[in-house]
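Student: Take a look at this one; I'll ask things after.
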Amino acid sequence: MRHNKKRGMKLGTDASHTKAMKKSLVRALFENDRIKTIDVRAKAIRGDVDKVITWAKKGDIASRRLAIAKVGDKDIVREVFEKAAQGMWADRNGGYTRIMKLGPRKGDAAEIVIMELVTEPVKAKKAAPKATVTKVEEAPVEEAAEESAE
């Protein structure tokens, strides 16, 4: 039966090939910290990468097993968990990847992007200065009436 088989991005292939391609791209991103791919594929794996890093920040054995199932390589998962334990993403609550557009590919005009892991710490937002309200003195009613009469 085909119950609930329609969800997710297919990326132009059948489901098993899509799953293998996403696993391969996630593995390549964690190995190299940066990959060059098309925009649709980068957006498709962004959620998987965020899940693995969130599991790495959690750090327990169940999270490690889930990450191994998602990435498919124990050594890469060990490296990601060690980076998370050292506090690489400790101050960040998501948004572990950055996608930078390069432009269209020559052959088929597919949008090419560079996807990379974000390593720099989160910058604290400066609070905007509060606007101060100054009260303007009102003109007396008698003077205003005399001016309008003239």
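Naming scheme: A, B, ... for chains in displayed order of the structure tokens; residues 1 onward per chain; ligands 1 onward as shown.
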Residues near range 96-103 of chain A, anyone? I mean within 6 Å using only C-alpha atoms, not counting same-chain ones fewer than 2 positions away, as a CSV table (one decimal) with all heavy atoms, in the first residue's frame.
Tutor:
```
chain,number,residue,atom,x,y,z
A,94,GLY,N,20.1,26.0,16.7
A,94,GLY,CA,19.7,25.7,15.4
A,94,GLY,C,20.4,26.6,14.4
A,94,GLY,O,21.2,27.4,14.7
A,111,GLU,N,20.5,25.9,-10.0
A,111,GLU,CA,21.1,26.9,-9.1
A,111,GLU,C,22.2,26.1,-8.2
A,111,GLU,O,21.8,25.2,-7.5
A,111,GLU,CB,20.1,27.5,-8.1
A,111,GLU,CG,20.6,28.6,-7.3
A,111,GLU,CD,20.9,29.8,-8.0
A,111,GLU,OE1,20.3,30.1,-9.0
A,111,GLU,OE2,21.8,30.5,-7.5
A,112,ILE,N,23.4,26.5,-8.4
A,112,ILE,CA,24.5,25.9,-7.6
A,112,ILE,C,24.8,26.7,-6.3
A,112,ILE,O,24.8,27.9,-6.3
A,112,ILE,CB,25.8,25.8,-8.5
A,112,ILE,CG1,25.6,25.0,-9.7
A,112,ILE,CG2,27.0,25.3,-7.7
A,112,ILE,CD1,25.3,23.6,-9.5
A,113,VAL,N,25.0,26.0,-5.2
A,113,VAL,CA,25.2,26.6,-3.9
A,113,VAL,C,26.4,25.9,-3.3
A,113,VAL,O,26.8,24.8,-3.6
A,113,VAL,CB,24.0,26.5,-3.0
A,113,VAL,CG1,22.8,27.2,-3.6
A,113,VAL,CG2,23.6,25.1,-2.7
A,114,ILE,N,27.0,26.6,-2.3
A,114,ILE,CA,27.9,26.0,-1.4
A,114,ILE,C,27.2,26.0,0.0
A,114,ILE,O,26.7,27.0,0.5
A,114,ILE,CB,29.2,26.9,-1.3
A,114,ILE,CG1,30.0,26.9,-2.6
A,114,ILE,CG2,30.1,26.4,-0.1
A,114,ILE,CD1,31.3,27.7,-2.6
A,115,MET,N,27.2,24.8,0.5
A,115,MET,CA,26.6,24.5,1.8
A,115,MET,C,27.8,24.2,2.8
A,115,MET,O,28.6,23.4,2.5
A,115,MET,CB,25.6,23.4,1.8
A,115,MET,CG,24.9,23.2,3.1
A,115,MET,SD,23.7,21.9,2.8
A,115,MET,CE,22.7,22.1,4.3
A,116,GLU,N,27.8,25.0,3.9
A,116,GLU,CA,28.8,24.8,4.9
A,116,GLU,C,28.3,24.8,6.3
A,116,GLU,O,27.2,25.3,6.6
A,116,GLU,CB,29.9,25.8,4.8
A,116,GLU,CG,29.5,27.2,5.1
A,116,GLU,CD,30.6,28.3,4.8
A,116,GLU,OE1,31.6,27.9,4.3
A,116,GLU,OE2,30.3,29.4,5.2
A,117,LEU,N,29.1,24.1,7.2
A,117,LEU,CA,28.7,24.1,8.6
A,117,LEU,C,29.1,25.5,9.2
A,117,LEU,O,30.2,26.0,9.0
A,117,LEU,CB,29.4,23.0,9.3
A,117,LEU,CG,29.0,21.6,9.0
A,117,LEU,CD1,29.9,20.6,9.7
A,117,LEU,CD2,27.5,21.4,9.3
A,118,VAL,N,28.3,26.0,10.1
A,118,VAL,CA,28.6,27.3,10.7
A,118,VAL,C,29.4,27.0,12.0
A,118,VAL,O,29.0,26.2,12.8
A,118,VAL,CB,27.3,28.1,11.1
A,118,VAL,CG1,27.6,29.3,11.8
A,118,VAL,CG2,26.5,28.3,9.8
```
Student: Residues at most 10 Å from Lys10 in chain A, counting only C-alpha atoms, excluding those fewer than 4 positions away in the same chain, as a PDB file with N, CA and C atoms, in the first residue's frame?
Tutor:
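Everything below was put into part.pdb:
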```
ATOM      1  N   LYS A   6       3.910   9.864   0.023  1.00  0.00           N
ATOM      2  CA  LYS A   6       4.004  11.031  -0.828  1.00  0.00           C
ATOM      3  C   LYS A   6       4.790  12.174  -0.185  1.00  0.00           C
ATOM      4  N   ASP A  14      13.697   7.891  -7.466  1.00  0.00           N
ATOM      5  CA  ASP A  14      12.799   7.106  -6.629  1.00  0.00           C
ATOM      6  C   ASP A  14      13.222   7.255  -5.163  1.00  0.00           C
ATOM      7  N   ALA A  15      12.418   6.728  -4.260  1.00  0.00           N
ATOM      8  CA  ALA A  15      12.613   6.972  -2.834  1.00  0.00           C
ATOM      9  C   ALA A  15      13.929   6.408  -2.319  1.00  0.00           C
ATOM     10  N   SER A  16      14.322   5.227  -2.758  1.00  0.00           N
ATOM     11  CA  SER A  16      15.552   4.629  -2.246  1.00  0.00           C
ATOM     12  C   SER A  16      16.785   5.406  -2.712  1.00  0.00           C
ATOM     13  N   HIS A  17      16.752   5.886  -3.950  1.00  0.00           N
ATOM     14  CA  HIS A  17      17.880   6.676  -4.443  1.00  0.00           C
ATOM     15  C   HIS A  17      17.952   8.024  -3.739  1.00  0.00           C
ATOM     16  N   THR A  18      16.807   8.636  -3.463  1.00  0.00           N
ATOM     17  CA  THR A  18      16.770   9.903  -2.736  1.00  0.00           C
ATOM     18  C   THR A  18      17.365   9.724  -1.345  1.00  0.00           C
ATOM     19  N   LYS A  19      16.985   8.640  -0.663  1.00  0.00           N
ATOM     20  CA  LYS A  19      17.484   8.369   0.680  1.00  0.00           C
ATOM     21  C   LYS A  19      18.997   8.169   0.660  1.00  0.00           C
ATOM     22  N   ARG A  41      18.915  20.165  -3.384  1.00  0.00           N
ATOM     23  CA  ARG A  41      19.512  19.123  -2.556  1.00  0.00           C
ATOM     24  C   ARG A  41      20.032  19.684  -1.244  1.00  0.00           C
ATOM     25  N   ALA A  44      17.222  20.136   1.005  1.00  0.00           N
ATOM     26  CA  ALA A  44      16.662  18.859   1.431  1.00  0.00           C
ATOM     27  C   ALA A  44      17.462  18.241   2.573  1.00  0.00           C
TER      28      ALA A  44
END
```
Student: What lies within 12 Å of Asn32 in chain A using only C-alpha atoms, ignoring chain neighbours under 3 positions off, as a list of chain:residue names?
Tutor: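 Residues near the query, excluding close chain neighbours: A:Leu25, A:Val26, A:Arg27, A:Ala28, A:Leu29, A:Ile35, A:Lys36, A:Ile76, A:Glu79, A:Val80, A:Ile114, A:Met115, A:Glu116, A:Leu117.
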Student: Choose the residue, out of A:Asp108, A:Glu120, A:Asp60, A:Asp48, that has the smallest atom-to-atom separation from Met88 in chain A; count only C-alpha atoms.
Tutor: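 Of A:Asp108, A:Glu120, A:Asp60, A:Asp48, the one nearest Met88 in chain A, counting only C-alpha atoms, is A:Glu120.
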